[in-house]
Each structure stands twice: as C-alpha cells, then as structure tokens.
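Since the structure comes first, as structure tokens, the remarks are kept for the end.
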Amino acid sequence: MEGVLANLAVGFAHVFEPVNLLVLVVGIVLGLLVAVLPGLTLVMGVVLALPFTYSMDVTAAIILLTAMYVSGTYAGAWTSILFHVPGEPIDVPLLWDGYAMARKGKAAEALGWTLIAAFFGGMVAAVVMVLLSQPIARVALTFSTPEYFAIIFFGLASVVSLGGGSLANALISLFAGLLIATVGVDDTYGAYRFTFNIPILSDGIDYLVVMVGAYGLGEVFVRLEQGFTSAQLEAIGRISTKLPGLREILAVKSTFLRSGLAGILIGIVPGAGATVASFLSYGMEGQYGRRRAQMGSGIAEGIVAPQTAATASVGGAIIPLVTLGIPGSGATAIILGAFLLHGLQPGPQVFQTSANIVYAMFASVFAGIVVMCVIGYFATKPMVKVLDLPEVIVSAYVVMLCLLGAFAARNNITDVWLMVIFGILGYLFERFRFPITPLVLGVILGPLAETNFMTTMISFNNDWTVFFTRPLAGPIMLVGILTLLYPLFRHLRRQAKMRGSRDIAL
Amino acid sequence: MRSAFALNSVAAVVFALSGLAAVAQEKYPTRPIEFIVPWGPGGGADQLARKIAPSLEKQLKVSLPVINVAGATGQTGLNKMLTSPADGYSISIFIADTLAVLMDPATKWKLEDIVPAAIMIRQPSAFFLAQNSPLKTWKDVEAEAKKRPLKVAITGFGSADDLHVIYFAGKGFKFTSVPFPKPSERYTAILGGHADLLYEQLGDVKSFLEGKQMRPVIIFAEKRFPAFKDVPTGKELGRDIVINQFRSIAMKASTGAPRVKAVSDALAKVAATADYKAWLKDQYAEEDSFIPASGAVAFMKRELDVMRKYAPKK
C-alpha cells in the first residue's frame with residue numbers, strides 16, 4: 001500500500017515536470033475539442049494524435065494520449081445540452097435530461113452537473129485503478145461474447161422502454177436503426193448487404209452520420225417549422241448558478257455510486273467502452289432510480305448517470321491494459337500501440353520493468369481530471385452565453401456543425417447527403433411521435449450486438465440457450481427481458497385498475 | 001478531331017522528352033518520398049514503417065514522411081499508391097493480409113500491379129494454449145480434437161489464420177474457427193478460457209509469452225525458432241503448412257527498374273544494420289527475414305499459391 005502511494009508520488013513528480021505538464025494541458029484541450037466536434041470521435045482523435053507522439057519521450061506520449069482520453073469523455077456533453085447535437089456517441093443519453101434541463105432555462109445547471117459527474121466518476125475510477133488494479137484485472141477475462149450480447153441487449157431494451165411514449169413506436173424506431181446498421185459488408189462472413197453497388201455503402205452507414213443528422217439537423221427542422229420562436233431561452237443569460245450544492249449532490253449520491261461502479265466495470269471488460277457504459281447507466285437509472293418516473297424530464301439523475309459512467313470507464317479501461325496487456329476500450333487500444341512503438345510491452349511484468357511510466361499514466365488521469373474540470377468550469381459561462389444569441393443564428397451554427405461532422409467522419413461528400421436525409425427522417429420521427437433515440441441506438445449498438453451474437457453462435461455450436469444458462473449472461477438477459485415487458489405490465493395493470501374503478505362507480 | 005490529334009502528338013513529344021530527361025538525369029530521389037502505411041497507427045505495419053523510415057532517409061538522403069491510410073484490409077492505402085504516378089515517389093508497406101485478399105477472384109487489383117522492393121520482416125505463426133491448459137503438447141491437442149470440438153480464436157474467416165484451421169479440419173480434427181477481429185478480444189478469449197487455442201504470430205503475443213500467460217505448442221516455420229527451441233515445427237510433426245506473415249515495401253509496377261533497385265539497395269543496407277537485426281529479434285521474427293527485390297516477387301507468388309491451395313473452394 002505504501003509502495004503504491006510512493007510510486008504514485010513519483011508518478012506525480014513526472015507529470016509535474018514542466019514539459020509533461022504542458023503536454024497534459026495540450027492533451028486535455030485536444031480531447032475537449034475532439035469531443036465537442038461531432039464528426040471526430042474520441043477514438044479517432046487519439047488515432048490522429050498518435051503519430052505526433054512517436055518523436056516524444058515515452059512518458060510524455062502516454063500522458064498526452066491519456067489526457068485526451070480523459071477529457072474526450074466529457075466535453076461532448078456541452079453540445080448535447082446546448083445544441084441537441086451529441087459530440088460523441090457517449091453523449092446521446094445527455095440529450096434527454098441534459099437538453100430538457102437546458103430548455104427549461106437551466107443550461108448552466110445542466111453543465112454544472114456534467115462537470116461534477118465527470119469529476120466524481122473519473123476520480124472514483126482512478127482510485128480503483130491505482131489501488132485495486134491487480135486484484136480486479138481478472139474480471140476482464142470472465143466476459144465473453146454471450147455476456148457482451150446480454151449487456152447490449154439490456155441497453156437496447158431499457159432505452160426502448162424508457163421513452164414513456166408508445167412502446168410499438170419505440171420498437172419500430174429501434175428496428176429501423178438495426179436495419180440501417182446492417183448496411184455494408186457483414187463483419188463475420190463478408191457478405192454484401194444493401195449496398196446497391198454504391199462504393200461508400202459497402203463501408204456501411206457511419207453511425208455519426210445518423211446521429212448528427214437525426215438529432216442535430218432534425219432539431220433545426222423542428223425549430224424551423226415553429227419559426228424559431230422558443231421563448232424560454234431569453235432568461236438564460238441572467239442565470240448565474242452553475243455548480244450544484246452539496247445537498248443536491250448528496251440527494252443523488254446513490255446515482256453517483258451506481259453509475260460510477262457500472263462505468264468502471266464496463267471499462268474493465270474489453271468488448272465495451274464509454275458509450276455502452278453511458279447507455280447502460282442511464283438505462284439502470286431509468287429502471288432502479290428513485291425518481292425513475294421523471295427520467296427524461298430534465299432531472300439531475302439523468303445527467304449524472306451517463307456522464308459519471310462515461311468518465312469512470314476511463315480508469316476501468318486502463319486496468320486490464322496495464323495489468324494484462326489487453327486494452328479495455330478503443331482508445332486504450334491506441335495507447336497500447338504507443339507503448340509498443342516505444343518498445344514497452346504492457347502486461348503483468350510492466351509493474352516491475354517500467355513502473356515509473358505506469359504510475360505517471362495513473363497520475364496523469366488524476367491531474368487530467370482536475371485540469372479538465374477547471375477548464376470546463378471557466379468555459380461554462382461563455383458557452384451558456386451562446387444561447388443568448390437569436391435562435392436562428394444558433395441554428396445556423398448547428399447546421400454548420402452537422403455538415404462538418406458528417407464530412408469529417410470519412411471525408412466523403414456522400415455522407416453529407418446521407419446526413420441530410422437522416423435529418424429529414426429525424427424531423428419526421430419527431431413530427432409523428434416516433435422516438436429518435438432507439439433509432440440511433442440501433443445504429444450504434446446494432447453491429448456490436450450482431451457480431452457478439454454471431455460469434456456466440458459459432459463458438460457454441462448454434463446453441464442459443466447459452467445466453468440464459470451462463471452465470472453472468474443469464475441474469476442480465478432476464479433483466480433485459482423484464483425491462484422490455486415492464487411497459488406491458490404497467491399498461492395491463494392500469495387497464496385493470498381502470499376497470500376496477502369503473503366497477504365501483506357502477 | 002484534328003486538334004485532338006495535334007494535342008495528342010504534342011503530348012507524346014512532351015512525354016518522350018520528359019522520359020529522355022529522366023534517363024539523362026537518372027538522379028533519384030531528388031525530393032521527399034511519400035511512405036504509405038495502409039493500416040492504422042500503432043499496428044505491426046506502422047511499427048515497421050516508423051522503424052525503417054529514419055534509416056532509409058539517411059540512405060536515400062531525402063525525407064520519407066509516413067502517412068497512415070487505413071481501410072479495406074490495406075487496399076485503401078494500396079489504391080492510393082496505385083493511383084499515384086509510377087515515379088518512385090510513393091512507396092507503401094504491403095503485408096500478407098492484403099496479399100490474401102487476392103484469393104477472392106473479384107479483387108480489383110492484381111499482384112502484377114505492384115513490385116516489391118524488399119521483404120523486410122517475416123514472423124512465424126503458432127498455435128497457443130493458455131499457460132494453465134491441461135493439454136501439454138501438440139499430440140495432446142490432436143488427441144483431444146478427435147474427442148471433442150476445439151475452439152480456435154482467429155482474426156476472421158478467409159484469413160491465413162482460418163486456412164490453418166481448415167488444414168487441420170481437413171485432416172479430421174474437430175477444430176472450429178471463432179472469429180475475433182479485435183486483438184484484445186482474441187487474447188481475452190484464450191486467457192479467459194473462452195477458446196481452446198489461439199492462432200497468432202509469436203511477436204504479437206510477446207508480452208503474454210514473457211508473462212507466462214500462454215505458450216506455443218506448434219510453430220509453423222521451416223525450422224525451430226531459436227527463442228522456443230523446445231517447441232516443434234509443423235513440418236517435424238508432419239503438419240507441413242507454412243504461410244508467412246510477411247511485411248514488405250512495395251512500389252507501383254511500372255516504376256523504372258533503376259529506381260526500384262535504388263530503394264531495394266537502400267533497404268538492404270538498413271536491414272544489414274545491427275539495430276535492425278536487434279529489432280527483428282525483439283519482434284520474434286526470422287533472422288533471415290530480408291529478401292531483396294530480385295527474390296521478393298517469387299516469394300509472394302509462392303505464398304499466394306500456398307494460400308490458394310488451402311482456401312475453401314467457393
């Protein structure tokens with residue numbers, strides 16, 4: 001224990017060397033930028049930064065990439081809350097309560113909650129990462145494809161049943177998303193599906209295009225129809241509250257704990273990262289939270305759950321990377337590349353051979369979270385000011401952000417047209433009361449669900465019962481199914497009650 | 001029509017002149033050479049490029065900016081090189097996985113479209129067991145595979161990994177390929193006991209071998225590998241299939257022979273350095289990995305023939 005703390009102190013000493021500190025701040029800022037831009041995902045950002053680290057000292061290289069990873073899970077929330085454009089797939093769940101809270105004129109509070117959530121989630125995971133890395137690393141090995149499928153199934157099921165609207169519409173929306181996700185070359189057998197001989201389609205439809213179009217552009221179309229006349233935004237500039245008070249935070253402490261733990265766990269297992277953590281945590285809150293009935297109406301829990309889990313997944317994903325040499329997420333896979341390029345092999349021996357670099361990495365997570373939160377805190381005020389601008393102008397910027405995002409995804413103009421089409425689809429969904437989220441969720445998680453399902457079938461000789469008989473997958477699948485059936489039960493009970501009360505009236 | 005003809009003849013003259021000028025000069029290279037890596041940063045192809053680019057710059061006396069153009073099993077980056085002029089100012093990493101794509105007759109490019117300047121690294125592959133597996137030797141594995149199906153973690157169907165599994169399945173052993181495209185998931189599968197065997201290059205799982213988490217039981221190479229003297233080769237066991245995981249430097253086929261030779265000679269000098277040899281050793285690669293331009297084409301053709309031999313008939 002003292003050994004760990006002493007090592008960590010040495011790690012901090014490395015991080016606070018002037019050059020490394022500069023690298024850390026640059027990394028945090030880059031991560032924030034990448035997260036804010038909808039076309040650049042966090043993983044892509046880390047990939048783009050990797051070649052710049054080749055000529056760096058190995059410690060600086062690892063600090064830069066780790067810092068980007070930390071802040072990349074945070075800033076996408078800003079655009080979700082302010083513009084209804086998720087900067088990262090991680091931030092889709094923030095569109096419900098985050099954006100709803102902002103539309104009530106409490107944008108500053110919503111941003112404050114994300115800040116606290118990112119801070120708490122990041123810190124708890126970092127502590128777990130430092131103290132418990134070795135004992136809990138083996139959790140990463142217990143998950144196989146049936147477990148991943150079960151987790152994703154639960155994520156899909158909980159979001160479908162959350163909407164509160166028509167379950168049938170939510171399911172239609174989800175399946176449309178899953179269908180869109182099948183376009184392209186199938187991952188397992190290489191079959192061409194729905195490509196119509198259009199080259200770009202054989203590469204699939206990028207979820208970024210659907211996400212940015214359906215949410216960002218779709219929302220602009222809705223506002224356009226109303227003639228850009230939302231009134232409630234006027235009050236925003238005068239509101240100065242930012243961070244929630246201690247009492248408010250304590251009121252949702254169980255949400256913090258639950259989603260922090262979920263984030264760490266999802267981070268540790270290699271097949272799922274911050275996005276799955278964020279969705280799963282929001283879904284859990286909708287099922288088990290104290291105020292589950294109000295989820296989606298702009299309550300703090302709905303912001304805290306996804307953000308805490310997303311940032312907590314960072315510490316989680318680093319655990320198997322350094323202890324087993326297995327990256328827990330997309331971004332850590334790139335960081336593994338950086339280790340290898342500098343001739344270092346993460347794995348059980350790394351704590352003996354290059355402990356100083358590992359602890360510098362650990363220390364950079366702590367320092368990175370603090371720097372990120374300081375920058376985030378000071379960025380809140382000018383950002384909220386943006387909403388003081390006339391809605392038409394904000395919308396113009398949103399459209400620009402969407403076009404840029406769609407193009408940046410694959411540098412292809414076809415994606416821009418696809419994005420516009422999905423924008424129109426998003427508008428129509430909104431108009432005819434189909435929820436958009438299941439659609440987008442289907443596109444994001446569909447390929448993961450499919451490959452994990454297929455691999456399970458291949459691995460277990462087409463025996464579908466393994467999803468229910470394996471000790472971890474079984475219970476998760478069961479909860480998923482109950483989640484899906486819950487709205488039906490609720491409906492039946494309400495009908496029974498209504499009939500009951502009518503009987504009394506008669 | 002006439003003007004078109006005139007234009008053509010002008011073009012022809014200009015072309016001929018420029019050709020003459022090129023012959024007269026024959027100084028190559030005079031400006032930076034674009035070094036394409038058709039895979040993402042951090043992987044094996046990228047590591048090779050970053051390793052040799054600085055030494056190659058010293059040899060050729062121009063800079064070699066490395067650019068990553070990932071996608072479609074290396075074909076996106078390959079395409080970038082094939083659509084550039086054949087003047088030797090665009091070279092690319094070319095690896096076995098991309099060669100394997102040629103097994104599909106619908107592939108839009110041919111092996112004749114490229115000319116390898118040199119094979120730079122060849123890594124033997126092996127089947128691995130988890131360290132704690134009750135099976136000890138390859139004989140044990142084969143005996144077990146007669147009794148129950150064994151799951152083999154591979155990168156994907158149709159890959160060199162899969163061909164090895166198909167080879168053994170053809171000999172009556174119950175092997176099932178289970179595809180895990182992401183390395184992290186593949187290694188989790190074997191370490192977590194979700195698969196019985198793993199197919200991989202020795203160098204790619206170095207940390208797991210050093211950390212005593214997994215061990216090779218059969219190595220597919222011409223002779224025993226020095227670092228694993230106790231592990232038999234497939235050949236010794238009568239399982240004679242060798243598909244090399246190679247990484248080469250390729251140029252566009254119509255590039256003038258002197259330019260290809262210039263690059264090939266420079267690469268030979270790089271490969272002869274002690275630093276490069278140490279790196280090969282560190283990567284668990286064959287000591288005699290290097291094959292110059294003269295032998296590289298024949299090598300690739302032979303590899304492709306082996307792959308075609310074991311590929312499932314469609």
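We label chains A, B, ... in the order they appear in the structure tokens, count residues from 1 in each chain, and number ligands from 1 in the order shown.
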
Practice task
Just the residues within 10 Å of Gly474 of chain A, please, counting only C-alpha atoms, with nothing from its chain fewer than 5 positions along; format it as number ranges by chain.
Solution key: A: 146-147, 150, 465-469, 479-480

Practice task
Select from segment 123-262 of chain B everything DSSP, run on the backbone, classes as helix (DSSP H, G or I), then give the selection as a PyMOL selection string.
Solution key: chain B and resi 138-147+160-170+183-191+202-210+226-228+257-262

Please tabulate, as a tab-separated table, the residues of chain A that come within 10 Å of chain B, each with its closest pair of atoms and the distance in Å to one decimal, counting only C-alpha atoms and ordering rows by chain, then residue number upward.
residue	atom	partner	partner_atom	distance
A:Val46	CA	B:Pro41	CA	9.9
A:Val47	CA	B:Pro41	CA	6.6
A:Leu48	CA	B:Pro41	CA	8.3
A:Ala49	CA	B:Pro41	CA	9.5
A:Leu50	CA	B:Pro41	CA	6.7
A:Pro51	CA	B:Pro41	CA	6.8
A:Tyr54	CA	B:Arg50	CA	8.2
A:Arg138	CA	B:Gly192	CA	8.4
A:Val139	CA	B:Gly192	CA	9.3
A:Ala140	CA	B:Thr188	CA	7.7
A:Leu141	CA	B:Gly192	CA	4.4
A:Thr142	CA	B:Gly192	CA	5.9
A:Phe143	CA	B:Gly192	CA	7.8
A:Ser144	CA	B:His194	CA	6.6
A:Thr145	CA	B:His194	CA	8.9
A:Asp187	CA	B:Gly156	CA	8.5
A:Thr188	CA	B:Gly156	CA	6.9
A:Tyr189	CA	B:Phe157	CA	6.5
A:Gly190	CA	B:Phe157	CA	8.3
A:Asp203	CA	B:Ala72	CA	8.4
A:Val269	CA	B:Thr188	CA	9.4
A:Pro270	CA	B:Glu185	CA	6.5
A:Gly271	CA	B:Glu185	CA	6.7
A:Pro320	CA	B:Ser184	CA	10.0
A:Leu321	CA	B:Ser184	CA	9.4
A:Leu324	CA	B:Phe208	CA	8.1
A:Gly325	CA	B:Ser207	CA	7.2
A:Ile326	CA	B:Ser184	CA	5.2
A:Pro327	CA	B:Ser184	CA	6.1
A:Gly328	CA	B:Ser184	CA	7.8
A:Ser329	CA	B:Ser184	CA	8.9
A:Gly330	CA	B:Lys182	CA	9.7
A:Ala333	CA	B:Ser184	CA	7.8
A:Ile334	CA	B:Gly42	CA	6.5
A:Ile335	CA	B:Gly42	CA	8.3
A:Leu336	CA	B:Gly42	CA	7.7
A:Gly337	CA	B:Gly42	CA	4.0
A:Ala338	CA	B:Gly42	CA	6.2
A:Phe339	CA	B:Gly42	CA	8.7
A:Leu340	CA	B:Gly42	CA	7.4
A:Leu341	CA	B:Gln47	CA	6.2
A:His342	CA	B:Gln47	CA	9.6
A:Gly343	CA	B:Asp282	CA	9.0
A:Leu344	CA	B:Ser207	CA	9.2
A:Gln345	CA	B:Ser207	CA	5.7
A:Pro346	CA	B:Ser207	CA	6.9
A:Gly347	CA	B:Ser207	CA	6.1
A:Pro348	CA	B:Gly211	CA	6.0
A:Gln349	CA	B:Gly211	CA	6.2
A:Val350	CA	B:Ser207	CA	9.2
A:Thr451	CA	B:Phe180	CA	9.0
A:Asn452	CA	B:Phe180	CA	9.4
A:Met454	CA	B:Pro179	CA	9.4
A:Thr455	CA	B:Val178	CA	6.5
A:Thr456	CA	B:Val178	CA	8.6
A:Met457	CA	B:Val178	CA	9.5
A:Ile458	CA	B:Val178	CA	6.3
A:Ser459	CA	B:Val178	CA	5.8
A:Phe460	CA	B:Lys151	CA	9.0
A:Asn461	CA	B:Thr176	CA	9.1

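For the residues B:Phe246, B:Asp113, B:Leu237, B:Phe228, ranking by smallest atom-to-atom distance to Met81 of chain B using only C-alpha atoms places B:Asp113 first.
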
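If only C-alpha atoms are the atoms counted, then among A:Val159, A:Leu448, A:Ala170, A:Ile375 the closest residue to Gly31 of chain A is A:Ile375.
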
Problem - All residues 7 Å or closer to segment 66-78 of chain A, only C-alpha atoms, same chain fewer than 4 positions away omitted, as JSON, numbers by chain - result: {"A": [24, 27, 28, 30, 31, 32, 34, 35, 36, 42, 46, 62, 82, 86, 87, 88, 91, 94, 111, 118, 310, 311, 314, 331, 361, 364, 365, 368, 369, 372]}
